[in-house]
Structures are given as structure tokens and as C-alpha cells.
>>> print(open('entry.pdb').read())   # PDB, C-alpha atoms
ATOM      1  CA  MET L   1       6.433 281.510 118.527
ATOM      2  CA  ASP L   2       8.804 280.874 115.609
ATOM      3  CA  LEU L   3       9.694 284.209 114.028
ATOM      4  CA  SER L   4      12.668 282.888 112.048
ATOM      5  CA  VAL L   5      12.882 283.305 108.279
ATOM      6  CA  ARG L   6      15.344 282.726 105.459
ATOM      7  CA  TYR L   7      16.329 285.630 103.232
ATOM      8  CA  LEU L   8      18.894 285.370 100.427
ATOM      9  CA  GLY L   9      19.809 281.993 101.877
ATOM     10  CA  LEU L  10      20.641 283.627 105.217
ATOM     11  CA  ALA L  11      19.019 282.468 108.438
ATOM     12  CA  LEU L  12      17.380 285.445 110.186
ATOM     13  CA  LYS L  13      15.895 285.282 113.678
ATOM     14  CA  ASN L  14      12.923 287.347 112.486
ATOM     15  CA  PRO L  15      11.874 289.165 109.273
ATOM     16  CA  LEU L  16      12.681 292.725 110.436
ATOM     17  CA  VAL L  17      15.677 294.327 108.712
ATOM     18  CA  LEU L  18      17.220 297.774 109.062
ATOM     19  CA  GLY L  19      17.103 299.015 105.473
ATOM     20  CA  ALA L  20      19.746 301.120 103.762
ATOM     21  CA  SER L  21      19.786 304.506 105.477
ATOM     22  CA  PRO L  22      22.071 307.119 107.029
ATOM     23  CA  LEU L  23      21.691 305.213 110.312
ATOM     24  CA  SER L  24      24.061 302.558 109.003
ATOM     25  CA  HIS L  25      26.933 305.071 109.257
ATOM     26  CA  ASP L  26      26.420 305.292 113.023
ATOM     27  CA  ARG L  27      27.779 302.168 114.705
ATOM     28  CA  ASP L  28      26.031 302.973 117.976
ATOM     29  CA  ALA L  29      22.653 303.429 116.255
ATOM     30  CA  VAL L  30      23.088 300.182 114.352
ATOM     31  CA  ARG L  31      24.020 298.343 117.530
ATOM     32  CA  ARG L  32      20.917 299.703 119.284
ATOM     33  CA  ALA L  33      18.740 298.611 116.354
ATOM     34  CA  VAL L  34      20.190 295.099 116.506
ATOM     35  CA  ASP L  35      19.824 294.964 120.286
ATOM     36  CA  ALA L  36      16.176 295.973 119.800
ATOM     37  CA  GLY L  37      15.577 293.120 117.379
ATOM     38  CA  ALA L  38      16.777 293.999 113.859
ATOM     39  CA  ALA L  39      17.679 290.653 112.304
ATOM     40  CA  ALA L  40      19.981 292.088 109.607
ATOM     41  CA  VAL L  41      21.439 295.423 108.525
ATOM     42  CA  VAL L  42      21.646 296.820 104.991
ATOM     43  CA  MET L  43      24.426 299.331 104.542
ATOM     44  CA  HIS L  44      23.859 302.681 102.890
ATOM     45  CA  SER L  45      25.017 302.583  99.257
ATOM     46  CA  LEU L  46      28.320 303.251  97.642
ATOM     47  CA  PHE L  47      27.410 305.224  94.513
ATOM     48  CA  GLU L  48      28.732 304.674  91.019
ATOM     49  CA  GLU L  49      29.357 308.421  90.672
ATOM     50  CA  GLN L  50      31.331 308.441  93.909
ATOM     51  CA  LEU L  51      33.511 305.507  92.877
ATOM     52  CA  THR L  52      34.048 306.855  89.381
ATOM     53  CA  ALA L  53      35.112 310.192  90.800
ATOM     54  CA  GLU L  54      37.500 308.487  93.183
ATOM     55  CA  GLU L  55      39.131 306.404  90.486
ATOM     56  CA  LEU L  56      39.274 309.084  87.803
ATOM     57  CA  ALA L  57      40.750 311.820  89.988
ATOM     58  CA  HIS L  58      37.437 313.615  90.507
ATOM     59  CA  ASP L  59      36.437 313.419  86.839
ATOM     60  CA  ARG L  60      32.652 313.075  87.246
ATOM     61  CA  HIS L  61      31.480 312.863  83.638
ATOM     62  CA  ALA L  62      31.015 309.088  83.513
ATOM     63  CA  ALA L  63      27.482 308.875  84.926
ATOM     64  CA  PRO L  64      24.607 309.024  82.386
ATOM     65  CA  GLY L  65      23.929 312.670  81.473
ATOM     66  CA  VAL L  66      26.684 314.083  83.664
ATOM     67  CA  GLY L  67      29.387 315.833  81.663
ATOM     68  CA  GLU L  68      27.246 316.629  78.626
ATOM     69  CA  PHE L  69      27.098 320.262  79.744
ATOM     70  CA  ALA L  70      29.721 322.357  81.475
ATOM     71  CA  GLU L  71      27.480 323.136  84.424
ATOM     72  CA  SER L  72      26.664 319.458  85.006
ATOM     73  CA  SER L  73      29.730 319.075  87.219
ATOM     74  CA  SER L  74      27.741 320.772  89.982
ATOM     75  CA  TRP L  75      24.976 318.155  89.980
ATOM     76  CA  LEU L  76      26.819 315.674  92.173
ATOM     77  CA  PRO L  77      28.481 316.035  95.565
ATOM     78  CA  SER L  78      32.210 316.620  95.679
ATOM     79  CA  PRO L  79      34.275 313.513  96.471
ATOM     80  CA  THR L  80      34.339 314.690 100.102
ATOM     81  CA  GLY L  81      30.574 315.235 100.161
ATOM     82  CA  TYR L  82      29.700 311.570 100.745
ATOM     83  CA  ALA L  83      29.287 310.262 104.276
ATOM     84  CA  LEU L  84      31.901 307.550 103.760
ATOM     85  CA  GLY L  85      34.598 307.316 101.117
ATOM     86  CA  PRO L  86      35.191 303.955  99.422
ATOM     87  CA  ALA L  87      38.010 302.911 101.765
ATOM     88  CA  GLU L  88      36.076 304.072 104.843
ATOM     89  CA  TYR L  89      32.993 302.232 103.606
ATOM     90  CA  LEU L  90      34.845 298.940 103.334
ATOM     91  CA  GLU L  91      36.360 299.383 106.767
ATOM     92  CA  HIS L  92      32.921 300.241 108.182
ATOM     93  CA  VAL L  93      31.484 297.018 106.745
ATOM     94  CA  ALA L  94      34.343 295.082 108.330
ATOM     95  CA  ARG L  95      33.754 296.739 111.713
ATOM     96  CA  LEU L  96      30.004 296.107 111.645
ATOM     97  CA  LYS L  97      30.611 292.492 110.728
ATOM     98  CA  ARG L  98      32.982 292.121 113.662
ATOM     99  CA  ASP L  99      30.625 293.916 116.062
ATOM    100  CA  LEU L 100      27.220 292.519 115.142
ATOM    101  CA  PRO L 101      25.715 289.047 115.638
ATOM    102  CA  VAL L 102      23.454 289.466 112.570
ATOM    103  CA  PRO L 103      24.089 289.484 108.796
ATOM    104  CA  VAL L 104      25.475 292.670 107.261
ATOM    105  CA  ILE L 105      24.391 293.389 103.681
ATOM    106  CA  GLY L 106      26.438 295.771 101.544
ATOM    107  CA  SER L 107      24.905 298.046  98.925
ATOM    108  CA  LEU L 108      25.985 299.418  95.550
ATOM    109  CA  ASN L 109      23.975 302.043  93.678
ATOM    110  CA  GLY L 110      24.517 302.669  89.976
ATOM    111  CA  VAL L 111      23.315 302.193  86.417
ATOM    112  CA  THR L 112      26.185 301.035  84.185
ATOM    113  CA  ALA L 113      28.211 297.830  83.844
ATOM    114  CA  ARG L 114      31.623 299.464  84.272
ATOM    115  CA  GLY L 115      34.732 299.041  86.348
ATOM    116  CA  TRP L 116      33.175 300.459  89.511
ATOM    117  CA  LEU L 117      31.371 297.128  89.939
ATOM    118  CA  ARG L 118      34.620 295.597  91.158
ATOM    119  CA  TYR L 119      33.653 297.059  94.529
ATOM    120  CA  ALA L 120      31.128 294.242  94.827
ATOM    121  CA  LYS L 121      34.016 291.844  95.388
ATOM    122  CA  LEU L 122      35.736 294.260  97.760
ATOM    123  CA  ILE L 123      32.543 294.518  99.835
ATOM    124  CA  GLU L 124      32.434 290.736  99.995
ATOM    125  CA  GLU L 125      36.080 290.623 101.072
ATOM    126  CA  ALA L 126      35.303 293.174 103.785
ATOM    127  CA  GLY L 127      32.954 290.603 105.308
ATOM    128  CA  ALA L 128      29.478 291.370 103.965
ATOM    129  CA  ASP L 129      27.088 288.425 104.034
ATOM    130  CA  ALA L 130      25.209 289.573 100.923
ATOM    131  CA  LEU L 131      25.038 292.489  98.500
ATOM    132  CA  GLU L 132      22.102 294.656  97.451
ATOM    133  CA  LEU L 133      22.391 296.229  94.001
ATOM    134  CA  ASN L 134      20.291 299.390  93.967
ATOM    135  CA  VAL L 135      19.445 300.264  90.363
ATOM    136  CA  TYR L 136      18.115 303.789  90.758
ATOM    137  CA  GLN L 137      17.554 305.388  87.370
ATOM    138  CA  LEU L 138      14.772 307.556  86.018
ATOM    139  CA  ALA L 139      14.267 306.733  82.339
ATOM    140  CA  THR L 140      14.098 310.179  80.721
ATOM    141  CA  ASP L 141      15.679 309.516  77.308
ATOM    142  CA  PRO L 142      12.924 309.097  74.662
ATOM    143  CA  ASP L 143      15.396 307.280  72.412
ATOM    144  CA  GLU L 144      16.181 304.586  74.981
ATOM    145  CA  SER L 145      13.889 301.560  75.024
ATOM    146  CA  ALA L 146      12.777 299.479  77.966
ATOM    147  CA  GLU L 147      14.736 296.558  76.527
ATOM    148  CA  THR L 148      17.928 298.652  76.545
ATOM    149  CA  ILE L 149      17.432 299.578  80.196
ATOM    150  CA  GLU L 150      16.744 295.983  81.210
ATOM    151  CA  ALA L 151      19.746 294.745  79.232
ATOM    152  CA  ARG L 152      21.976 297.218  81.054
ATOM    153  CA  VAL L 153      20.784 295.996  84.458
ATOM    154  CA  LEU L 154      21.252 292.364  83.407
ATOM    155  CA  ALA L 155      24.780 293.222  82.244
ATOM    156  CA  MET L 156      25.489 294.669  85.697
ATOM    157  CA  VAL L 157      24.205 291.506  87.329
ATOM    158  CA  ALA L 158      26.313 289.337  85.020
ATOM    159  CA  GLU L 159      29.421 291.433  85.755
ATOM    160  CA  ILE L 160      28.932 291.119  89.511
ATOM    161  CA  ARG L 161      28.075 287.438  89.455
ATOM    162  CA  THR L 162      31.375 286.557  87.749
ATOM    163  CA  SER L 163      33.308 287.315  90.930
ATOM    164  CA  LEU L 164      30.789 287.328  93.768
ATOM    165  CA  ARG L 165      30.205 284.284  95.960
ATOM    166  CA  ILE L 166      27.807 285.871  98.443
ATOM    167  CA  PRO L 167      24.097 286.253  97.525
ATOM    168  CA  LEU L 168      23.053 289.183  95.345
ATOM    169  CA  ALA L 169      19.722 291.007  95.633
ATOM    170  CA  VAL L 170      18.478 293.650  93.191
ATOM    171  CA  LYS L 171      16.469 296.614  94.459
ATOM    172  CA  LEU L 172      13.918 297.388  91.765
ATOM    173  CA  SER L 173      11.961 300.357  90.521
ATOM    174  CA  PRO L 174       8.190 299.874  90.068
ATOM    175  CA  PHE L 175       8.336 301.514  86.633
ATOM    176  CA  HIS L 176       9.587 298.660  84.468
ATOM    177  CA  THR L 177       7.267 297.983  81.538
ATOM    178  CA  ALA L 178       6.735 294.275  82.284
ATOM    179  CA  LEU L 179       7.927 293.946  85.860
ATOM    180  CA  ALA L 180       7.035 290.276  86.377
ATOM    181  CA  HIS L 181       8.900 289.293  83.195
ATOM    182  CA  PHE L 182      11.941 291.361  84.172
ATOM    183  CA  ALA L 183      11.903 289.766  87.625
ATOM    184  CA  ARG L 184      12.031 286.372  85.938
ATOM    185  CA  ARG L 185      14.984 287.459  83.774
ATOM    186  CA  LEU L 186      16.853 288.639  86.872
ATOM    187  CA  THR L 187      16.304 285.422  88.772
ATOM    188  CA  ASP L 188      17.360 283.410  85.731
ATOM    189  CA  ALA L 189      20.550 285.516  85.692
ATOM    190  CA  GLY L 190      21.464 284.336  89.184
ATOM    191  CA  VAL L 191      19.959 286.952  91.481
ATOM    192  CA  ALA L 192      19.128 285.502  94.901
ATOM    193  CA  GLY L 193      16.400 287.996  95.748
ATOM    194  CA  LEU L 194      14.439 291.078  94.750
ATOM    195  CA  VAL L 195      13.705 294.158  96.866
ATOM    196  CA  VAL L 196      10.557 296.166  96.093
ATOM    197  CA  PHE L 197      10.725 299.111  95.651
ATOM    198  CA  ASN L 198      13.073 302.023  95.258
ATOM    199  CA  ARG L 199      11.599 305.288  96.509
ATOM    200  CA  PHE L 200      11.925 307.926  93.801
ATOM    201  CA  TYR L 201      12.339 311.208  95.626
ATOM    202  CA  GLN L 202      10.095 313.727  93.924
ATOM    203  CA  PRO L 203      11.262 317.308  93.321
ATOM    204  CA  ASP L 204       8.902 320.168  94.121
ATOM    205  CA  ILE L 205       8.680 323.662  92.630
ATOM    206  CA  ASP L 206       9.063 326.847  94.631
ATOM    207  CA  VAL L 207       6.718 329.130  92.680
ATOM    208  CA  SER L 208       8.027 332.286  94.384
ATOM    209  CA  GLU L 209      11.748 331.672  93.942
ATOM    210  CA  LEU L 210      11.328 329.774  90.649
ATOM    211  CA  GLU L 211      13.510 326.968  91.924
ATOM    212  CA  VAL L 212      13.243 323.211  91.952
ATOM    213  CA  ARG L 213      13.346 322.058  95.555
ATOM    214  CA  HIS L 214      14.747 318.732  96.707
ATOM    215  CA  ASP L 215      13.341 318.095 100.156
ATOM    216  CA  LEU L 216      13.590 314.559 101.476
ATOM    217  CA  GLN L 217      10.174 313.305 102.590
ATOM    218  CA  LEU L 218      10.030 310.223 104.771
ATOM    219  CA  SER L 219       7.575 307.544 103.731
ATOM    220  CA  SER L 220       4.128 306.823 105.148
ATOM    221  CA  SER L 221       2.198 303.559 105.385
ATOM    222  CA  ALA L 222       0.236 304.614 102.292
ATOM    223  CA  GLU L 223       3.317 303.898 100.162
ATOM    224  CA  LEU L 224       3.139 300.239 101.129
ATOM    225  CA  LEU L 225       0.099 299.574  98.914
ATOM    226  CA  LEU L 226       2.001 299.472  95.613
ATOM    227  CA  ARG L 227       4.562 297.179  97.178
ATOM    228  CA  LEU L 228       1.896 294.842  98.549
ATOM    229  CA  ARG L 229       0.402 294.427  95.112
ATOM    230  CA  TRP L 230       3.694 293.429  93.501
ATOM    231  CA  LEU L 231       4.788 291.224  96.369
ATOM    232  CA  ALA L 232       1.513 289.365  95.968
ATOM    233  CA  ILE L 233       2.001 289.063  92.206
ATOM    234  CA  LEU L 234       5.625 287.895  92.407
ATOM    235  CA  HIS L 235       5.325 285.504  95.355
ATOM    236  CA  GLY L 236       5.366 281.857  94.320
ATOM    237  CA  ARG L 237       6.539 282.563  90.765
ATOM    238  CA  PHE L 238      10.143 281.644  91.555
ATOM    239  CA  ALA L 239      12.193 280.344  94.464
ATOM    240  CA  GLN L 240      14.238 283.495  95.110
ATOM    241  CA  SER L 241      13.656 285.722  98.121
ATOM    242  CA  LEU L 242      11.468 288.811  98.222
ATOM    243  CA  ALA L 243      11.965 291.824 100.464
ATOM    244  CA  VAL L 244       9.877 294.950 100.876
ATOM    245  CA  THR L 245      11.113 298.456 101.586
ATOM    246  CA  GLY L 246       9.097 301.661 101.755
ATOM    247  CA  GLY L 247       6.000 302.291 103.843
ATOM    248  CA  VAL L 248       6.653 299.950 106.788
ATOM    249  CA  HIS L 249       5.854 301.787 110.025
ATOM    250  CA  GLU L 250       3.365 299.764 112.087
ATOM    251  CA  VAL L 251       2.970 296.083 112.903
ATOM    252  CA  THR L 252       0.016 295.873 110.509
ATOM    253  CA  ASP L 253       2.382 296.981 107.730
ATOM    254  CA  VAL L 254       4.725 294.128 108.639
ATOM    255  CA  VAL L 255       1.868 291.607 108.716
ATOM    256  CA  LYS L 256       0.489 292.766 105.365
ATOM    257  CA  ALA L 257       3.902 292.566 103.710
ATOM    258  CA  ILE L 258       4.486 289.030 104.943
ATOM    259  CA  MET L 259       0.977 287.935 103.947
ATOM    260  CA  ALA L 260       1.614 289.338 100.470
ATOM    261  CA  GLY L 261       4.797 287.276 100.191
ATOM    262  CA  ALA L 262       7.769 289.130 101.713
ATOM    263  CA  ASP L 263      10.520 287.022 103.257
ATOM    264  CA  ALA L 264      12.141 290.097 104.798
ATOM    265  CA  VAL L 265      10.651 293.444 105.787
ATOM    266  CA  GLN L 266      12.985 296.426 105.642
ATOM    267  CA  THR L 267      12.112 299.567 107.547
ATOM    268  CA  VAL L 268      13.848 302.943 107.477
ATOM    269  CA  SER L 269      11.505 305.920 107.857
ATOM    270  CA  GLY L 270       9.761 304.437 110.878
ATOM    271  CA  VAL L 271      13.107 304.000 112.602
ATOM    272  CA  LEU L 272      14.294 307.470 111.598
ATOM    273  CA  ARG L 273      11.142 308.907 113.164
ATOM    274  CA  ARG L 274      11.069 306.799 116.328
ATOM    275  CA  GLY L 275      14.632 305.681 116.848
ATOM    276  CA  PRO L 276      16.370 302.289 116.697
ATOM    277  CA  THR L 277      14.301 300.895 119.573
ATOM    278  CA  HIS L 278      11.290 300.928 117.242
ATOM    279  CA  PHE L 279      12.404 297.425 116.253
ATOM    280  CA  ALA L 280      11.524 296.193 119.748
ATOM    281  CA  THR L 281       8.055 297.720 119.426
ATOM    282  CA  LEU L 282       7.452 296.110 116.036
ATOM    283  CA  LEU L 283       8.845 292.756 117.104
ATOM    284  CA  GLY L 284       6.785 292.564 120.281
ATOM    285  CA  ALA L 285       3.637 293.596 118.444
ATOM    286  CA  LEU L 286       4.297 291.047 115.683
ATOM    287  CA  GLU L 287       4.655 288.208 118.170
ATOM    288  CA  THR L 288       1.470 289.286 119.942
ATOM    289  CA  TRP L 289      -0.453 289.560 116.662
ATOM    290  CA  LEU L 290       0.628 286.110 115.501
ATOM    291  CA  GLY L 291      -0.405 284.563 118.819
ATOM    292  CA  GLU L 292      -3.789 286.288 118.852
ATOM    293  CA  HIS L 293      -4.490 285.035 115.330
ATOM    294  CA  ALA L 294      -3.417 281.428 116.014
ATOM    295  CA  TYR L 295      -0.284 281.435 113.865
ATOM    296  CA  GLU L 296       2.587 279.263 115.025
ATOM    297  CA  SER L 297       5.224 280.850 112.804
ATOM    298  CA  VAL L 298       5.938 283.637 110.330
ATOM    299  CA  THR L 299       6.412 280.984 107.635
ATOM    300  CA  GLN L 300       2.833 279.794 108.117
ATOM    301  CA  MET L 301       1.555 283.284 107.334
ATOM    302  CA  ARG L 302       3.891 284.188 104.465
ATOM    303  CA  GLY L 303       2.191 284.446 101.085
ATOM    304  CA  SER L 304      -1.271 283.636 102.445
ATOM    305  CA  MET L 305      -2.691 286.669 100.609
ATOM    306  CA  SER L 306      -0.547 286.394  97.483
ATOM    307  CA  LEU L 307      -1.967 286.077  93.996
ATOM    308  CA  VAL L 308      -1.509 282.287  93.964
ATOM    309  CA  ARG L 309      -3.209 281.798  97.345
ATOM    310  CA  CYS L 310      -5.540 284.757  97.842
ATOM    311  CA  PRO L 311      -9.257 283.846  98.159
ATOM    312  CA  ASP L 312      -9.987 286.482  95.481
ATOM    313  CA  PRO L 313      -6.962 286.846  93.158
ATOM    314  CA  ARG L 314      -8.944 289.258  90.982
ATOM    315  CA  ALA L 315      -8.258 291.867  93.666
ATOM    316  CA  TYR L 316      -4.739 292.235  92.263
ATOM    317  CA  GLU L 317      -5.753 292.296  88.609
ATOM    318  CA  ARG L 318      -7.747 294.358  86.087
ATOM    319  CA  ALA L 319     -11.154 293.014  87.132
ATOM    320  CA  ASN L 320     -10.883 294.760  90.489
ATOM    321  CA  TYR L 321      -9.910 298.035  88.813
ATOM    322  CA  VAL L 322     -13.052 297.939  86.655
ATOM    323  CA  GLN L 323     -15.272 296.995  89.573
ATOM    324  CA  MET L 324     -13.939 299.757  91.834
ATOM    325  CA  LEU L 325     -14.506 302.463  89.243
ATOM    326  CA  GLN L 326     -17.976 301.250  88.318
ATOM    327  CA  THR L 327     -19.221 300.926  91.889
ATOM    328  CA  TRP L 328     -17.736 304.138  93.360
ATOM    329  CA  SER L 329     -20.091 306.849  94.497
ATOM    330  CA  SER L 330     -19.779 309.995  96.592
ATOM    331  CA  ARG L 331     -21.394 308.064  99.420
ATOM    332  CA  SER L 332     -18.212 305.932  99.628
ATOM    333  CA  THR L 333     -16.144 308.859 100.916
TER     334      THR L 333
END
>>> encode(input="entry.pdb", output="C-alpha cells")
Amino acid sequence: MDLSVRYLGLALKNPLVLGASPLSHDRDAVRRAVDAGAAAVVMHSLFEEQLTAEELAHDRHAAPGVGEFAESSSWLPSPTGYALGPAEYLEHVARLKRDLPVPVIGSLNGVTARGWLRYAKLIEEAGADALELNVYQLATDPDESAETIEARVLAMVAEIRTSLRIPLAVKLSPFHTALAHFARRLTDAGVAGLVVFNRFYQPDIDVSELEVRHDLQLSSSAELLLRLRWLAILHGRFAQSLAVTGGVHEVTDVVKAIMAGADAVQTVSGVLRRGPTHFATLLGALETWLGEHAYESVTQMRGSMSLVRCPDPRAYERANYVQMLQTWSSRST
């Protein structure tokens, strides 16, 4: 069975990737994930706020919104509150690259095209095989247009591409106004791949204490559905790679993602719940599933249920929405 794939121009022995997570800080955990079958590792992000604080002697006002009010300085961790400082991060990338027989992908997380982006080149020099740009921003300013937000991301891509020789992927939010069009603009700008989607961690309200609570909730397979839809829509529209992250726990999640068009399947929450050896479980089950369904390779299956190849492409479009609402009844539940 041929499980090999290409992602961001990199040859992977299979499509399963350890996504950006706290596990990447633990060299032993990463090694166990790779030994269990992870074909690549995405590092946890270096954050724009962290790098700005480092370079401006702990002056943390540069991030959007931070610094507009005196109390805003408490919103972000102190410079020592991050798992790895910038220098430690670069050294960690170098160590992983020396230790591991699989590609190591660095990660930057931020929202402005400023000097902190020079760390993209430093991550490359540390040995990373590719870079994932995580553009995590909630658009809350009513005076800022979608075009302005997209232009800012494109400026970040342009800034990075001027110095970077390794492939660049952009990790997207699902909330862009015209996502397919923006994806096209990113690929035209030189991005080698797109990762769908960022998980926006949702605050809750403690009604007794009158506090906003920030509890990290791991994903479930239900979160995969939105990603499947957009993988299916984007697959075949351009030559660049597609990766999925969020909601991958079982082998059926992996199969669905690949059928929708994913070249690489990142998993985090499933591994956090079950440990690094979960990769061996997924990989063995994937090989068994492919054999039982007469597939000779992952490539043969990829995109088979995408919008351009699906037997009923209306399932991804408005027609299906209308049909579902018109035909629903209480007997369906």
C-alpha cells in the first residue's frame, strides 16, 4: 500500500502530521509521535506579541488593540510566560531537525507586516523544512473592511517571501468574506499551501462570578465538517497543497479529509487525549481501510469527493441547504 504524499513540495511517507501543539516542546513526545508514524511535525508558534516584547524591552503595545488602555498590558503573558523564548525556539527547531528523520515545519503567529517577520528567515536558518504562518485575528473593528484585513495578510506574505526559500503555508480562518477568492490571492502571492482552519477558542461566561472564562476545549470530530466543506471547494482550484487541522480523531476523519482534498492531515487533540502512539493506531487503521476498499494509494483517493469530482456537487452548495431545510421533519431526529 502506497501511503506517501507530497505536501508543500515535501515528500512525506504518509499524510499524518503532528499539528502545532504544546507537544512540540517535548522532544521525547515528538520522537514517540514520529516513531509511531507521524510523517512531519509542525512546531508550536512564535507569537508576534512575544517577539515584539523581546525586541522592545517588554514594551507590549505594538499588537492591535494592546496599549490603547493602561490595563491592556495585563492581557498578554509576560516575556517569561511563553513556553520557549525566541532563542530557545530556534535552538529547539535545530535540535528537532537533527534528531528527527521527518520534515520539521516552523510556525509564526501574528497579524501585522512588521519587523518581527524577520524570524521567518531565522527559523529557516535553524533548519526548518517549511514555515506555517498562523494568521489568528478576530475582526472586531467595525471600521476595518475585509479588504483591509486581506491586504494586511498579503503584505505579511510578501514580506516573508522576500527572504524565505523554504515553502510557506498560511493557516486560515473560516471567517473571510470570500474565502475561495482570498485563497486564490494567497496562492498567486507565492504561498505553497493553505491550512484549514484555525480554531477560535470561545470564551464562556461565569454567571455567578460575572467573569469571562477562558477554558481550552479540545476539538471533536464534529468540528471536521466545516473543514471538509472548504477542502472540497478548494481542491482542484489551484496546484498548491491543502492541509486540514481541527476535528481529526478517528481513521474515518482522516479518510474524509483526504477524500475532500487534503494532502496532509494534521491532528492535535486526538494525540493530546490518547498520546503520541495514537499515530500508530491511525496509520494502521488507514492502511487497513484502504485495502478493504480496493485503493492502491492515498493519491488515488485524494479529492474523490471534492466539488470538482463529487457525484453530487450540489451537496456543497446552496441547493443542498434549501433541500435540507425544506425536507426536515421531527421524524428525522
>>> residues_around(input="entry.pdb", residues="Arg227 in chain L", least_positions_apart="4", cutoff="7 Å", atoms="all atoms listed in the file", output="list in words")
Val196, Phe197, Leu231 and Val244 of chain L
>>> write_last_selection(input="entry.pdb", atoms="C-alpha atoms", output="compact mmCIF listing (two decimals), in the frame of the given file")
# COMPACT_ATOMS: atom_id res chain seq x y z
CA VAL L 196 10.56 296.17 96.09
CA PHE L 197 10.72 299.11 95.65
CA LEU L 231 4.79 291.22 96.37
CA VAL L 244 9.88 294.95 100.88
>>> residues_around(input="entry.pdb", residues="Ala113 in chain L", least_positions_apart="2", cutoff="9 Å", atoms="all atoms listed in the file", output="tab-separated table (two decimals) with C-alpha atoms, in the frame of the given file")
chain	number	residue	atom	x	y	z
L	110	GLY	CA	24.52	302.67	89.98
L	111	VAL	CA	23.32	302.19	86.42
L	115	GLY	CA	34.73	299.04	86.35
L	116	TRP	CA	33.17	300.46	89.51
L	117	LEU	CA	31.37	297.13	89.94
L	152	ARG	CA	21.98	297.22	81.05
L	153	VAL	CA	20.78	296.00	84.46
L	154	LEU	CA	21.25	292.36	83.41
L	155	ALA	CA	24.78	293.22	82.24
L	156	MET	CA	25.49	294.67	85.70
L	157	VAL	CA	24.20	291.51	87.33
L	158	ALA	CA	26.31	289.34	85.02
L	159	GLU	CA	29.42	291.43	85.76
L	160	ILE	CA	28.93	291.12	89.51
>>> residues_around(input="entry.pdb", residues="range 285-299 of chain L", least_positions_apart="4", cutoff="8 Å", atoms="only C-alpha atoms", output="count of residues only")
10
>>> residues_around(input="entry.pdb", residues="range 272-275 of chain L", least_positions_apart="2", cutoff="12 Å", atoms="all atoms listed in the file", output="PDB file with C-alpha atoms, keeping the file's coordinate frame")
ATOM      1  CA  LEU L  18      17.220 297.774 109.062  1.00  0.00           C
ATOM      2  CA  GLY L  19      17.103 299.015 105.473  1.00  0.00           C
ATOM      3  CA  ALA L  20      19.746 301.120 103.762  1.00  0.00           C
ATOM      4  CA  SER L  21      19.786 304.506 105.477  1.00  0.00           C
ATOM      5  CA  PRO L  22      22.071 307.119 107.029  1.00  0.00           C
ATOM      6  CA  LEU L  23      21.691 305.213 110.312  1.00  0.00           C
ATOM      7  CA  SER L  24      24.061 302.558 109.003  1.00  0.00           C
ATOM      8  CA  ASP L  28      26.031 302.973 117.976  1.00  0.00           C
ATOM      9  CA  ALA L  29      22.653 303.429 116.255  1.00  0.00           C
ATOM     10  CA  VAL L  30      23.088 300.182 114.352  1.00  0.00           C
ATOM     11  CA  ARG L  31      24.020 298.343 117.530  1.00  0.00           C
ATOM     12  CA  ARG L  32      20.917 299.703 119.284  1.00  0.00           C
ATOM     13  CA  ALA L  33      18.740 298.611 116.354  1.00  0.00           C
ATOM     14  CA  VAL L  34      20.190 295.099 116.506  1.00  0.00           C
ATOM     15  CA  ALA L  36      16.176 295.973 119.800  1.00  0.00           C
ATOM     16  CA  GLN L 217      10.174 313.305 102.590  1.00  0.00           C
ATOM     17  CA  LEU L 218      10.030 310.223 104.771  1.00  0.00           C
ATOM     18  CA  SER L 219       7.575 307.544 103.731  1.00  0.00           C
ATOM     19  CA  SER L 220       4.128 306.823 105.148  1.00  0.00           C
ATOM     20  CA  VAL L 248       6.653 299.950 106.788  1.00  0.00           C
ATOM     21  CA  HIS L 249       5.854 301.787 110.025  1.00  0.00           C
ATOM     22  CA  GLU L 250       3.365 299.764 112.087  1.00  0.00           C
ATOM     23  CA  THR L 267      12.112 299.567 107.547  1.00  0.00           C
ATOM     24  CA  VAL L 268      13.848 302.943 107.477  1.00  0.00           C
ATOM     25  CA  SER L 269      11.505 305.920 107.857  1.00  0.00           C
ATOM     26  CA  GLY L 270       9.761 304.437 110.878  1.00  0.00           C
ATOM     27  CA  THR L 277      14.301 300.895 119.573  1.00  0.00           C
ATOM     28  CA  HIS L 278      11.290 300.928 117.242  1.00  0.00           C
ATOM     29  CA  PHE L 279      12.404 297.425 116.253  1.00  0.00           C
ATOM     30  CA  ALA L 280      11.524 296.193 119.748  1.00  0.00           C
ATOM     31  CA  THR L 281       8.055 297.720 119.426  1.00  0.00           C
ATOM     32  CA  LEU L 282       7.452 296.110 116.036  1.00  0.00           C
TER      33      LEU L 282
END
>>> resolve_selection(input="entry.pdb", expression="the PyMOL selection byres ((chain L and resi 305-309) around 12)", output="JSON, numbers by chain")
{"L": [227, 228, 229, 230, 231, 232, 233, 234, 235, 236, 237, 238, 255, 256, 257, 258, 259, 260, 261, 262, 300, 301, 302, 303, 304, 310, 311, 312, 313, 314, 315, 316, 317]}
>>> closest_residue(input="entry.pdb", among="L:Glu91, L:Glu209, L:Glu48, L:Asp35", to="Asn109 in chain L", atoms="all atoms listed in the file")
L:Glu48
>>> closest_residue(input="entry.pdb", among="L:Gln50, L:Asn198, L:Ser107, L:Ser221", to="Ala128 in chain L", atoms="all atoms listed in the file")
L:Ser107
>>> atom_distance(input="entry.pdb", atom1="CA of Gln266 in chain L", atom2="CA of Ala222 in chain L")
15.5 Å
>>> atom_distance(input="entry.pdb", atom1="CA of Ala264 in chain L", atom2="CA of Met43 in chain L")
15.4 Å
>>> decode(input="entry.pdb", residues="range 30-46 of chain L", atoms="C-alpha atoms", output="short mmCIF file (atom, residue, chain, number, x, y, z; two decimals), in the first residue's frame")
data_model
loop_
_atom_site.label_atom_id
_atom_site.label_comp_id
_atom_site.auth_asym_id
_atom_site.auth_seq_id
_atom_site.Cartn_x
_atom_site.Cartn_y
_atom_site.Cartn_z
CA VAL L 30 7.73 14.36 19.43
CA ARG L 31 10.13 11.46 18.97
CA ARG L 32 7.45 9.00 20.12
CA ALA L 33 4.94 10.53 17.70
CA VAL L 34 7.40 10.17 14.82
CA ASP L 35 8.28 6.62 15.84
CA ALA L 36 4.54 5.87 15.83
CA GLY L 37 4.16 7.16 12.29
CA ALA L 38 3.88 10.97 12.22
CA ALA L 39 5.27 11.96 8.83
CA ALA L 40 6.05 15.59 9.77
CA VAL L 41 5.97 17.87 12.81
CA VAL L 42 4.62 21.42 12.99
CA MET L 43 6.18 23.46 15.76
CA HIS L 44 4.10 25.47 18.19
CA SER L 45 4.05 29.15 17.17
CA LEU L 46 6.30 32.02 17.97
#
